[in-house]
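protein.txt (compact mmCIF, C-alpha atoms and all ligand atoms)
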# COMPACT_ATOMS: atom_id res chain seq x y z
CA MET D 1 -78.99 31.53 34.63
CA LEU D 2 -76.77 32.89 37.42
CA CYS D 3 -73.37 34.05 36.11
CA PRO D 4 -71.02 31.14 36.88
CA VAL D 5 -68.03 33.52 37.03
CA CYS D 6 -69.05 36.22 39.55
CA GLN D 7 -72.27 34.64 40.83
CA THR D 8 -73.86 38.06 41.41
CA GLN D 9 -76.16 38.54 38.38
CA ASP D 10 -78.23 36.54 35.94
CA LEU D 11 -76.92 36.26 32.39
CA VAL D 12 -79.01 38.31 29.94
CA SER D 13 -79.51 36.84 26.49
CA PHE D 14 -78.27 39.15 23.69
CA PHE D 15 -77.59 37.04 20.61
CA ASP D 16 -79.21 34.05 18.88
CA GLY D 17 -76.65 32.22 16.74
CA GLY D 18 -78.95 29.42 15.56
CA ASP D 19 -77.87 25.82 15.03
CA VAL D 20 -74.22 25.11 14.31
CA PRO D 21 -72.12 21.91 14.12
CA LEU D 22 -71.25 20.64 17.60
CA PHE D 23 -67.61 20.11 16.65
CA VAL D 24 -65.94 22.23 14.00
CA ASN D 25 -62.56 20.88 15.08
CA VAL D 26 -63.42 17.22 14.60
CA LEU D 27 -62.20 16.07 11.22
CA HIS D 28 -64.50 14.12 8.93
CA GLU D 29 -63.15 11.34 6.72
CA ASP D 30 -65.88 11.71 4.10
CA ARG D 31 -68.16 14.41 2.80
CA GLY D 32 -71.35 12.62 3.85
CA SER D 33 -70.47 12.42 7.51
CA ALA D 34 -69.25 16.04 7.45
CA VAL D 35 -72.56 17.30 6.00
CA ASN D 36 -74.54 15.27 8.52
CA ALA D 37 -72.46 16.38 11.51
CA PRO D 38 -74.71 16.81 14.57
CA LYS D 39 -75.68 20.36 15.54
CA GLY D 40 -76.45 22.38 18.64
CA ARG D 41 -77.77 25.88 19.30
CA ILE D 42 -75.87 29.02 20.24
CA GLU D 43 -77.65 31.64 22.34
CA LEU D 44 -75.28 34.02 24.06
CA GLY D 45 -76.03 35.52 27.46
CA GLY D 46 -73.89 38.23 29.07
CA CYS D 47 -73.24 39.30 32.66
CA SER D 48 -73.47 43.04 33.24
CA ALA D 49 -71.48 42.71 36.48
CA CYS D 50 -68.28 40.97 35.27
CA GLY D 51 -68.63 40.87 31.45
CA PHE D 52 -68.67 37.07 31.14
CA VAL D 53 -70.47 35.70 28.07
CA HIS D 54 -71.86 32.17 27.92
CA ASN D 55 -73.85 30.04 25.50
CA VAL D 56 -76.95 29.59 27.65
CA ALA D 57 -78.24 26.93 25.21
CA PHE D 58 -75.06 24.86 25.70
CA ASP D 59 -75.65 21.23 26.65
CA PRO D 60 -72.46 19.66 28.03
CA LYS D 61 -73.91 16.19 27.38
CA LEU D 62 -73.68 16.80 23.63
CA VAL D 63 -69.99 17.50 23.83
CA GLU D 64 -67.56 14.67 24.24
CA TYR D 65 -63.98 15.13 23.20
CA ALA D 66 -63.02 12.31 20.91
CA PRO D 67 -59.49 11.65 19.64
CA GLY D 68 -60.46 13.12 16.24
CA TYR D 69 -60.34 16.55 17.86
CA GLU D 70 -57.82 18.76 16.09
CA ASN D 71 -57.32 22.37 17.08
CA SER D 72 -53.55 22.77 17.05
CA LEU D 73 -52.31 26.09 15.66
CA HIS D 74 -48.66 25.05 15.76
CA GLY D 75 -48.55 24.41 11.98
CA SER D 76 -48.34 28.15 11.38
CA PRO D 77 -44.86 29.76 11.57
CA THR D 78 -46.43 33.00 12.90
CA PHE D 79 -48.08 31.12 15.76
CA GLN D 80 -44.98 29.00 16.40
CA ASP D 81 -42.79 32.14 16.75
CA TRP D 82 -45.24 33.64 19.21
CA ALA D 83 -45.50 30.42 21.26
CA THR D 84 -41.70 30.04 21.31
CA SER D 85 -41.20 33.50 22.81
CA LEU D 86 -44.01 32.91 25.30
CA ALA D 87 -42.36 29.65 26.42
CA ALA D 88 -39.00 31.39 26.91
CA ALA D 89 -40.63 34.17 28.94
CA LEU D 90 -42.46 31.68 31.18
CA VAL D 91 -39.28 29.67 31.80
CA GLU D 92 -37.52 32.86 32.88
CA ARG D 93 -40.31 34.41 34.98
CA HIS D 94 -41.10 31.19 36.83
CA SER D 95 -37.47 29.98 37.12
CA LEU D 96 -38.33 26.69 35.45
CA ALA D 97 -34.74 25.44 35.01
CA GLY D 98 -34.39 22.62 37.53
CA ALA D 99 -38.16 22.64 38.12
CA ARG D 100 -41.32 20.96 36.91
CA ALA D 101 -44.37 22.34 35.08
CA VAL D 102 -47.72 20.63 34.58
CA GLU D 103 -49.97 21.56 31.68
CA ILE D 104 -53.62 20.58 31.96
CA GLY D 105 -55.25 19.94 28.58
CA GLY D 106 -51.98 20.14 26.64
CA GLY D 107 -53.19 18.14 23.63
CA ARG D 108 -50.35 16.90 21.48
CA GLY D 109 -47.76 18.43 23.84
CA GLU D 110 -46.44 21.02 21.39
CA PHE D 111 -46.33 23.86 23.89
CA MET D 112 -44.75 21.71 26.61
CA GLU D 113 -42.04 20.76 24.14
CA LEU D 114 -41.32 24.46 23.65
CA LEU D 115 -41.05 24.93 27.43
CA VAL D 116 -38.62 22.01 27.69
CA ASP D 117 -36.61 23.39 24.77
CA ALA D 118 -36.52 26.76 26.52
CA GLY D 119 -34.98 25.26 29.67
CA LEU D 120 -37.77 23.64 31.74
CA SER D 121 -36.39 20.46 33.36
CA HIS D 122 -39.51 18.32 33.80
CA GLY D 123 -42.69 18.72 31.78
CA LEU D 124 -45.92 16.81 32.30
CA VAL D 125 -48.93 17.11 29.99
CA MET D 126 -52.25 15.84 31.36
CA ASP D 127 -54.98 15.45 28.78
CA PRO D 128 -57.53 12.62 28.58
CA SER D 129 -58.23 13.48 24.94
CA ALA D 130 -54.60 13.83 23.80
CA PRO D 131 -54.35 12.52 20.24
CA GLU D 132 -52.63 9.21 19.42
CA ASP D 133 -49.84 11.04 17.59
CA ALA D 134 -48.94 13.20 20.61
CA ILE D 135 -45.27 14.17 20.60
CA THR D 136 -44.83 13.10 24.21
CA PRO D 137 -43.53 11.10 25.98
CA LYS D 138 -39.89 11.75 25.29
CA ASP D 139 -37.69 10.50 28.05
CA PRO D 140 -34.90 11.34 28.11
CA VAL D 141 -35.28 14.48 26.00
CA SER D 142 -32.85 14.25 23.11
CA GLY D 143 -29.85 16.52 23.49
CA ALA D 144 -30.83 17.50 27.03
CA PRO D 145 -29.89 14.77 29.49
CA GLY D 146 -31.76 14.89 32.78
CA ARG D 147 -34.83 16.57 31.32
CA THR D 148 -38.11 14.67 31.10
CA PHE D 149 -41.24 15.26 29.09
CA GLU D 150 -44.25 13.06 29.84
CA LEU D 151 -47.91 12.72 28.92
CA GLU D 152 -50.72 11.22 30.99
CA ARG D 153 -54.12 10.61 29.41
CA ARG D 154 -56.22 11.31 32.49
CA LEU D 155 -57.77 14.19 34.44
CA PHE D 156 -55.63 16.34 36.72
CA GLU D 157 -55.83 15.76 40.47
CA PRO D 158 -54.45 18.10 43.17
CA SER D 159 -51.82 15.53 44.23
CA ASP D 160 -50.31 15.73 40.72
CA ALA D 161 -48.83 19.12 41.56
CA LEU D 162 -47.04 17.71 44.59
CA SER D 163 -45.37 14.67 43.05
CA GLY D 164 -42.68 14.44 40.38
CA PRO D 165 -38.89 14.53 40.17
CA ALA D 166 -38.60 18.26 41.06
CA PRO D 167 -40.77 20.96 42.69
CA THR D 168 -43.69 22.06 40.50
CA ARG D 169 -43.26 25.79 39.84
CA LEU D 170 -45.93 26.33 37.20
CA LEU D 171 -49.39 24.99 36.45
CA LEU D 172 -50.68 26.04 33.09
CA THR D 173 -53.77 25.60 31.01
CA ARG D 174 -54.23 27.00 27.55
CA HIS D 175 -57.49 27.10 25.60
CA VAL D 176 -59.41 24.87 28.00
CA LEU D 177 -61.60 27.25 30.04
CA GLU D 178 -63.65 28.33 27.03
CA HIS D 179 -64.89 24.74 26.68
CA LEU D 180 -66.20 24.50 30.24
CA ALA D 181 -69.74 25.17 31.47
CA ASP D 182 -68.38 25.56 35.02
CA PRO D 183 -64.98 27.22 34.64
CA PHE D 184 -64.89 28.16 38.34
CA ALA D 185 -64.77 24.53 39.54
CA PHE D 186 -61.82 23.92 37.22
CA VAL D 187 -59.78 27.02 38.13
CA SER D 188 -60.48 26.46 41.84
CA LEU D 189 -58.93 23.02 41.58
CA LEU D 190 -55.97 24.41 39.65
CA ALA D 191 -55.39 27.48 41.83
CA GLY D 192 -55.77 25.43 45.03
CA SER D 193 -53.17 22.95 43.78
CA ALA D 194 -50.81 25.74 42.71
CA LYS D 195 -51.14 27.35 46.15
CA GLU D 196 -50.33 24.09 47.92
CA ALA D 197 -47.37 23.38 45.65
CA GLY D 198 -46.07 26.96 45.85
CA ALA D 199 -46.39 27.16 42.07
CA GLY D 200 -47.39 29.97 39.72
CA LEU D 201 -50.29 29.86 37.31
CA TYR D 202 -50.62 30.64 33.60
CA VAL D 203 -54.05 30.60 31.95
CA GLU D 204 -54.68 31.42 28.29
CA VAL D 205 -58.07 31.71 26.59
CA PRO D 206 -59.46 33.34 23.44
CA ASN D 207 -60.15 37.01 24.14
CA GLY D 208 -63.93 37.35 24.43
CA LEU D 209 -63.59 41.12 24.34
CA TRP D 210 -61.99 40.80 20.90
CA THR D 211 -64.99 38.71 19.82
CA VAL D 212 -67.52 41.42 20.71
CA ARG D 213 -65.33 44.54 20.25
CA ASP D 214 -63.42 43.63 17.08
CA LEU D 215 -66.22 41.43 15.74
CA GLY D 216 -64.34 38.16 15.92
CA ILE D 217 -67.67 36.71 14.89
CA TRP D 218 -66.15 33.66 13.21
CA ASP D 219 -64.92 32.47 16.59
CA LEU D 220 -68.41 31.71 17.88
CA ILE D 221 -68.49 27.92 17.93
CA TYR D 222 -70.50 25.41 19.92
CA GLU D 223 -67.39 23.95 21.53
CA HIS D 224 -66.63 27.34 23.08
CA CYS D 225 -69.47 27.79 25.54
CA SER D 226 -67.64 30.42 27.63
CA TYR D 227 -66.20 33.76 26.50
CA PHE D 228 -63.98 35.79 28.82
CA THR D 229 -63.31 39.51 28.72
CA PRO D 230 -60.25 40.59 30.75
CA ARG D 231 -62.61 41.63 33.61
CA ALA D 232 -64.40 38.29 33.61
CA LEU D 233 -61.19 36.27 33.58
CA ARG D 234 -59.70 38.36 36.38
CA THR D 235 -62.87 38.01 38.46
CA LEU D 236 -62.88 34.25 37.97
CA LEU D 237 -59.22 33.83 38.94
CA LEU D 238 -59.42 36.21 41.92
CA ARG D 239 -62.29 34.17 43.31
CA ALA D 240 -59.98 31.15 43.05
CA GLY D 241 -57.16 33.02 44.84
CA ALA D 242 -54.99 33.97 41.86
CA ASP D 243 -54.25 37.71 41.71
CA VAL D 244 -53.28 37.54 38.06
CA GLU D 245 -51.91 40.07 35.63
CA ILE D 246 -53.99 39.93 32.45
CA ARG D 247 -52.70 40.89 29.03
CA GLU D 248 -54.35 40.90 25.61
CA THR D 249 -51.88 38.88 23.54
CA TYR D 250 -51.47 37.44 20.05
CA GLY D 251 -52.81 40.51 18.26
CA ASP D 252 -55.44 40.88 21.02
CA GLN D 253 -56.99 37.53 20.04
CA PHE D 254 -55.93 35.80 23.28
CA LEU D 255 -55.93 36.68 26.97
CA SER D 256 -52.91 35.65 28.99
CA ALA D 257 -53.43 35.57 32.77
CA GLU D 258 -50.41 34.95 34.93
CA ALA D 259 -49.55 34.89 38.64
CA LEU D 260 -46.17 34.06 40.19
CA SER D 261 -47.96 32.59 43.20
CA VAL D 262 -51.51 31.90 44.37
CA GLY D 263 -53.15 32.97 47.63
CA ALA D 264 -56.47 32.49 49.38
CA PRO D 265 -59.76 32.81 47.44
CA MET D 266 -61.16 36.37 47.32
CA SER D 267 -64.59 37.93 46.79
CA PRO D 268 -63.98 40.57 44.11
CA THR D 269 -66.60 43.13 43.07
CA PRO D 270 -65.92 43.93 39.42
CA ASP D 271 -66.38 47.55 38.27
CA ALA D 272 -69.28 48.09 35.90
CA SER D 273 -68.34 48.52 32.25
CA PRO D 274 -70.94 50.45 30.23
CA GLU D 275 -68.64 49.99 27.21
CA GLU D 276 -68.88 46.20 27.37
CA ASP D 277 -72.65 46.42 27.96
CA HIS D 278 -72.94 48.46 24.79
CA LEU D 279 -70.74 46.08 22.77
CA ARG D 280 -72.96 43.15 23.70
CA GLU D 281 -76.14 45.06 22.83
CA ALA D 282 -74.73 46.11 19.44
CA PHE D 283 -73.18 42.73 18.64
CA GLY D 284 -76.10 41.08 16.81
CA ALA D 285 -76.66 43.94 14.37
CA ALA D 286 -72.94 44.45 13.78
CA ARG D 287 -72.47 40.76 13.06
CA GLU D 288 -75.41 40.78 10.66
CA GLY D 289 -73.80 43.66 8.75
CA THR D 290 -70.53 41.76 8.35
CA VAL D 291 -72.31 38.57 7.22
CA ALA D 292 -74.43 40.55 4.73
CA ALA D 293 -71.33 42.13 3.20
CA TRP D 294 -69.73 38.71 2.67
CA ASN D 295 -72.99 37.33 1.22
CA GLN D 296 -72.88 40.15 -1.32
CA THR D 297 -69.22 39.49 -2.20
CA LEU D 298 -69.86 35.75 -2.67
CA ALA D 299 -72.97 36.43 -4.78
CA GLY D 300 -70.85 38.69 -7.00
CA TRP D 301 -68.23 35.95 -7.41
CA ALA D 302 -70.96 33.40 -8.26
CA LYS D 303 -72.23 35.68 -11.05
CA THR D 304 -68.79 36.05 -12.61
CA ASN D 305 -67.84 32.38 -12.09
CA GLN D 306 -64.95 33.17 -9.77
CA ARG D 307 -63.36 30.20 -8.06
CA ALA D 308 -62.58 30.94 -4.42
CA ALA D 309 -61.22 29.22 -1.32
CA ILE D 310 -60.83 30.01 2.32
CA TRP D 311 -57.44 29.62 3.99
CA GLY D 312 -57.80 28.07 7.44
CA ALA D 313 -59.99 25.03 8.13
CA GLY D 314 -60.18 25.65 11.88
CA SER D 315 -62.93 27.27 13.93
CA LYS D 316 -63.04 30.50 11.95
CA GLY D 317 -63.10 28.82 8.54
CA ALA D 318 -65.76 26.29 9.48
CA THR D 319 -67.92 28.97 11.09
CA PHE D 320 -67.63 31.19 8.01
CA LEU D 321 -68.68 28.37 5.66
CA ASN D 322 -71.58 27.42 7.93
CA THR D 323 -72.76 31.04 8.20
CA VAL D 324 -72.68 32.57 4.70
CA GLU D 325 -75.62 32.00 2.33
CA ASP D 326 -73.72 30.84 -0.72
CA ALA D 327 -70.91 28.65 0.66
CA GLY D 328 -71.00 26.75 -2.66
CA VAL D 329 -68.96 29.59 -4.22
CA ILE D 330 -66.08 28.43 -2.03
CA ALA D 331 -64.44 25.42 -3.71
CA CYS D 332 -62.36 24.25 -0.78
CA ALA D 333 -60.62 25.12 2.47
CA ILE D 334 -56.83 25.28 2.51
CA ASP D 335 -54.80 24.39 5.58
CA VAL D 336 -51.16 23.97 6.54
CA ASN D 337 -51.99 21.27 9.07
CA ASP D 338 -51.30 17.89 7.42
CA ARG D 339 -53.74 16.18 9.79
CA LYS D 340 -56.60 18.16 8.24
CA VAL D 341 -55.69 17.71 4.58
CA GLY D 342 -57.89 15.23 2.70
CA ARG D 343 -60.69 15.57 5.23
CA PHE D 344 -63.93 17.57 5.18
CA VAL D 345 -65.37 20.59 7.01
CA ALA D 346 -68.18 19.82 9.50
CA GLY D 347 -71.61 21.05 8.40
CA THR D 348 -70.79 22.01 4.80
CA GLY D 349 -68.54 19.14 3.62
CA HIS D 350 -65.92 21.37 1.95
CA PRO D 351 -62.76 19.39 1.13
CA ILE D 352 -59.55 20.44 2.91
CA VAL D 353 -56.59 20.93 0.58
CA GLY D 354 -52.93 21.25 1.55
CA ALA D 355 -51.14 24.59 1.22
CA ASP D 356 -48.67 23.07 -1.26
CA LYS D 357 -51.52 22.12 -3.61
CA VAL D 358 -53.14 25.55 -3.79
CA GLY D 359 -51.71 26.20 -7.29
CA GLU D 360 -53.60 23.19 -8.72
CA GLN D 361 -56.89 24.65 -7.51
CA LYS D 362 -56.75 27.46 -10.13
CA LEU D 363 -58.27 29.92 -7.69
CA ASP D 364 -59.29 33.51 -8.37
CA ALA D 365 -59.59 34.49 -4.72
CA ILE D 366 -58.46 33.26 -1.31
CA ILE D 367 -60.07 34.54 1.89
CA VAL D 368 -57.65 34.45 4.80
CA MET D 369 -59.58 33.56 7.94
CA ASN D 370 -57.06 35.07 10.34
CA PRO D 371 -55.52 38.42 9.30
CA ARG D 372 -52.46 37.63 11.46
CA TYR D 373 -51.39 35.20 8.76
CA MET D 374 -51.88 37.43 5.66
CA ALA D 375 -48.18 37.82 4.84
CA GLU D 376 -47.22 34.18 5.43
CA ILE D 377 -50.24 32.92 3.46
CA GLU D 378 -49.68 35.19 0.49
CA SER D 379 -46.08 34.02 0.20
CA MET D 380 -47.09 30.34 0.58
CA ALA D 381 -49.76 30.74 -2.11
CA ARG D 382 -47.29 32.33 -4.52
CA ALA D 383 -44.70 29.66 -3.79
CA ALA D 384 -47.31 27.00 -4.63
CA GLY D 385 -47.98 28.68 -7.99
CA SER D 386 -51.25 30.46 -7.22
CA ASP D 387 -51.88 33.98 -8.50
CA ALA D 388 -55.23 34.27 -6.68
CA GLU D 389 -56.18 37.55 -5.05
CA VAL D 390 -55.55 37.15 -1.31
CA LEU D 391 -58.16 38.92 0.86
CA SER D 392 -58.51 39.25 4.61
CA ILE D 393 -61.71 38.13 6.31
CA VAL D 394 -61.50 41.45 8.16
CA GLN D 395 -62.44 44.09 5.59
ZN ZN Z 401 -70.63 37.72 36.13

How does this structure look as C-alpha cells?
Amino acid sequence: MLCPVCQTQDLVSFFDGGDVPLFVNVLHEDRGSAVNAPKGRIELGGCSACGFVHNVAFDPKLVEYAPGYENSLHGSPTFQDWATSLAAALVERHSLAGARAVEIGGGRGEFMELLVDAGLSHGLVMDPSAPEDAITPKDPVSGAPGRTFELERRLFEPSDALSGPAPTRLLLTRHVLEHLADPFAFVSLLAGSAKEAGAGLYVEVPNGLWTVRDLGIWDLIYEHCSYFTPRALRTLLLRAGADVEIRETYGDQFLSAEALSVGAPMSPTPDASPEEDHLREAFGAAREGTVAAWNQTLAGWAKTNQRAAIWGAGSKGATFLNTVEDAGVIACAIDVNDRKVGRFVAGTGHPIVGADKVGEQKLDAIIVMNPRYMAEIESMARAAGSDAEVLSIVQ
C-alpha cells in the first residue's frame, strides 16, 4: 500500500497485532454484549520515507461512529489542567477575542468550552457523532454576554469557515486524524478552508513516535488506524500547505501541530530517519517482552489470590485486558468518567467501577494505565478507603 501521507513509498508491514475489538471506546450495557463485541485485525505497516504508521488490515467499513462512543479525557484533573492552559495559549496566539474558532470533531464540546472561557468570542463545534449529552449549545454563554458556543451534528464544509458572526481565526481538530484511512483528504479540506478564511490551524493527535519509542503499546487500537511521528505529521500538513510547528506535548503522548496561517500546498521530501526505522523493526519483540512481564506478574497474583484492578477504562485499559493471558486476575476497571461506570469493557466484559467505590472492592493492587495520573489516582484511591498497592503500567 502506497503511503497515504507522503505518497513516495509503500508501507512495509512490521507488526501483527491479531484480532482486537473494533471499538474499545464504545460502552457496553451488559457483560454479554461486551464479550461478544465484534473484532478486527491490526497489522501495522510503516513508511521508511516519512515515518507514518498505518494499520494495513484496517477496513473503514467496519468502523461507524455511534453515539455510544466515549473517549473524553476531561474527567481527569491532570488532563483538564493541561487542556485549560492549552486553550489559554491558543486564544492568545491566535487573537481569538472578538473572533470565531471552528473545531472539527469536537465531541461533547469540552475543549471549545475552555476556549470560550479563555476569551474566544464565538465557538462552533462540528461533529456528526457528538453525544446526546454534549455541553453545547450554550447561547448566550452564561456570564459572558455576546459570546456564542454552538454545536452542529454534521460534517465540516469549506464554506463553514467563511460564515459566522465574526471572522474565523482558528480551525482546530483534536484526536481525529488517527481515525482516518485517508488523513490527507481531511487535512487538505481543513488547510484549504483555513487559507481562504485567513485562519490558523491547530491539529492534535496521539504521538506515534511515543508508541514505538516509549512502547506505548496499550495505545494500539483498531479505531486508531493511523499513527503519526512528528516527521509524518509535518509532511502531511506541509503537503496541505500548513507550515506547522510541531511539539511533543502532554508528557510526549500527544503531538501538537500549529500554524498561524496556511499557504499553498508544498511537496516536501522528508529526511530519512534510521532511528525510526530501527524502532519499528524492534517494536514487535519489545512489545512481546513487556506483555510477557505482565503475564508473569498476573500469574503470580493468581497464585497468591491477590485481587487487582486496572485504573482507566479507556483505550489503554481495554487493550491491556484484551492482550494479557490471565485477564481474569483483574476484578474490574476503575474510571473517573461517570458515563463509563456501570458498563463493561469491550472484548473481556470487565465491569467498570467508579473511583469513589474503589474502597469497596477490597483490592490488593491497582495498575494505573497512564503514568501521568499516578499521583492523582493514588490520592483518589486513599480518599475512597483503598489501601491497595498502586503500580504504574510502565515498569
Ligand atoms: Zn510516507

Within 8 Å of Asp338 (chain D) using only C-alpha atoms, minus same-chain residues under 3 positions, as a compact mmCIF listing (two decimals) with C-alpha atoms, keeping the file's coordinate frame:
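Result saved to part.txt:
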# COMPACT_ATOMS: atom_id res chain seq x y z
CA ASP D 335 -54.80 24.39 5.58
CA VAL D 341 -55.69 17.71 4.58
CA GLY D 354 -52.93 21.25 1.55

Shell of 7 Å around ligand ZN 401 (chain Z) (all atoms listed in the file), written as JSON, numbers by chain: {"D": [3, 4, 5, 6, 7, 8, 9, 47, 48, 49, 50, 51, 52, 232]}

Would you mind telling me which residue in D:Asp364, D:Glu43, D:Asp10, D:Asp19 lies nearest to Ala309 (chain D) when using only C-alpha atoms?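 Using only C-alpha atoms, Ala309 (chain D) sits closest to D:Asp364.
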
Atomic distance CA of Val394 (chain D) - CA of Asp214 (chain D), expressed in Å with one decimal: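 Calculated distance between CA of Val394 (chain D) and CA of Asp214 (chain D) is 9.4 Å.
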
Got a sec: who's within 10 Å of Arg174 (chain D), counting all atoms listed in the file, leaving out chain neighbours fewer than 5 positions off, as a VMD selection string? chain D and resid 103 to 107 111 202 to 206 254 to 256

Trp301 (chain D) environment, 12 Å, all atoms listed in the file, sequence neighbours closer than 2 positions dropped, as a PDB file with C-alpha atoms, keeping the file's coordinate frame:
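Saved the output as around11.pdb:
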ATOM      1  CA  TRP D 294     -69.730  38.710   2.670  1.00  0.00           C
ATOM      2  CA  ASN D 295     -72.990  37.330   1.220  1.00  0.00           C
ATOM      3  CA  GLN D 296     -72.880  40.150  -1.320  1.00  0.00           C
ATOM      4  CA  THR D 297     -69.220  39.490  -2.200  1.00  0.00           C
ATOM      5  CA  LEU D 298     -69.860  35.750  -2.670  1.00  0.00           C
ATOM      6  CA  ALA D 299     -72.970  36.430  -4.780  1.00  0.00           C
ATOM      7  CA  LYS D 303     -72.230  35.680 -11.050  1.00  0.00           C
ATOM      8  CA  THR D 304     -68.790  36.050 -12.610  1.00  0.00           C
ATOM      9  CA  ASN D 305     -67.840  32.380 -12.090  1.00  0.00           C
ATOM     10  CA  GLN D 306     -64.950  33.170  -9.770  1.00  0.00           C
ATOM     11  CA  ARG D 307     -63.360  30.200  -8.060  1.00  0.00           C
ATOM     12  CA  ALA D 308     -62.580  30.940  -4.420  1.00  0.00           C
ATOM     13  CA  ALA D 309     -61.220  29.220  -1.320  1.00  0.00           C
ATOM     14  CA  ASP D 326     -73.720  30.840  -0.720  1.00  0.00           C
ATOM     15  CA  ALA D 327     -70.910  28.650   0.660  1.00  0.00           C
ATOM     16  CA  GLY D 328     -71.000  26.750  -2.660  1.00  0.00           C
ATOM     17  CA  VAL D 329     -68.960  29.590  -4.220  1.00  0.00           C
ATOM     18  CA  ILE D 330     -66.080  28.430  -2.030  1.00  0.00           C
ATOM     19  CA  ALA D 331     -64.440  25.420  -3.710  1.00  0.00           C
ATOM     20  CA  LEU D 363     -58.270  29.920  -7.690  1.00  0.00           C
ATOM     21  CA  ASP D 364     -59.290  33.510  -8.370  1.00  0.00           C
ATOM     22  CA  ALA D 365     -59.590  34.490  -4.720  1.00  0.00           C
ATOM     23  CA  ILE D 366     -58.460  33.260  -1.310  1.00  0.00           C
TER      24      ILE D 366
END

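Every protein or nucleic acid residue with an atom no more than 7 Å from Val262 (chain D), counting all atoms listed in the file and leaving out same-chain residues fewer than 5 positions away, appears here: Ala191, Ala194, Lys195, Gly200, Gly241, Ala242 and Asp243 of chain D.
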
List the spatial neighbours of Phe186 (chain D) as a VMD selection string - criterion: any atom at most 12 Å away, only C-alpha atoms, same-chain residues fewer than 4 positions off excluded. chain D and resid 4 to 5 104 to 105 155 to 158 173 176 to 182 190 to 193 203 236 to 237 239 to 240

Of the residues D:Met126, D:Ala383, D:Val102, D:Leu62, which is the one nearest to Leu162 (chain D), using all atoms listed in the file?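 Looking only at the distances to Leu162 (chain D), the closest residue turns out to be D:Val102.
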
Identify the residues around (-80.3, 36.7, 29.5) within a radius of 8 Å, measuring from all atoms listed in the file in the coordinates stated by the file, and give them as a list in words.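 Counting all atoms listed in the file, I find these residues within 8 Å of (-80.3, 36.7, 29.5): Met1, Asp10, Leu11, Val12, Ser13, Phe14, Leu44, Gly45 and Gly46 of chain D.
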
Please produce, as CSV, a per-residue contact table for region 221-257 of chain D versus region 20-26 of chain D (criterion: any atom at most 9 Å away, all atoms listed in the file considered), showing the nearest atom pair and its distance in Å to one decimal, sorted by chain then residue number.
residue,atom,partner,partner_atom,distance
D:Ile221,CA,D:Val20,CA,7.3
D:Tyr222,CA,D:Leu22,CA,5.4
D:Glu223,CA,D:Phe23,CA,6.2

Using C-alpha atoms, can you export the residues from the last selection as a PDB file, in the coordinates of the input?
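Dumped to result27.pdb:
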ATOM      1  CA  ILE D 221     -68.490  27.920  17.930  1.00  0.00           C
ATOM      2  CA  TYR D 222     -70.500  25.410  19.920  1.00  0.00           C
ATOM      3  CA  GLU D 223     -67.390  23.950  21.530  1.00  0.00           C
TER       4      GLU D 223
END

So how many Å separate CA of Ser95 (chain D) and CA of Leu124 (chain D), to one decimal? 16.4 Å

4 Å per side around region 287-290 of chain D: axis-aligned box centre and edge lengths, as JSON:
{"center_x": -73.0, "center_y": 42.2, "center_z": 10.7, "size_x": 12.9, "size_y": 10.9, "size_z": 12.7}

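Of the listed residues (D:Leu114, D:Gly317, D:Phe149, D:Ser76), D:Leu114 comes nearest to Ala88 (chain D); the distances count only C-alpha atoms.
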
Which of D:Val35, D:Thr348, D:Ala99, D:His278 sits closest to Glu325 (chain D) [using only C-alpha atoms]: D:Thr348

Which residue, D:Glu245, D:Asp219, D:Asp252, D:Glu258, has the smallest gap to Asn207 (chain D) when you use all atoms listed in the file?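 Under the stated criterion, the closest residue is D:Asp252.
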
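Using all atoms listed in the file, the nearest neighbour of Pro351 (chain D) within the list D:Trp218, D:Ala34, D:Gly18, D:Ser121 is D:Ala34.
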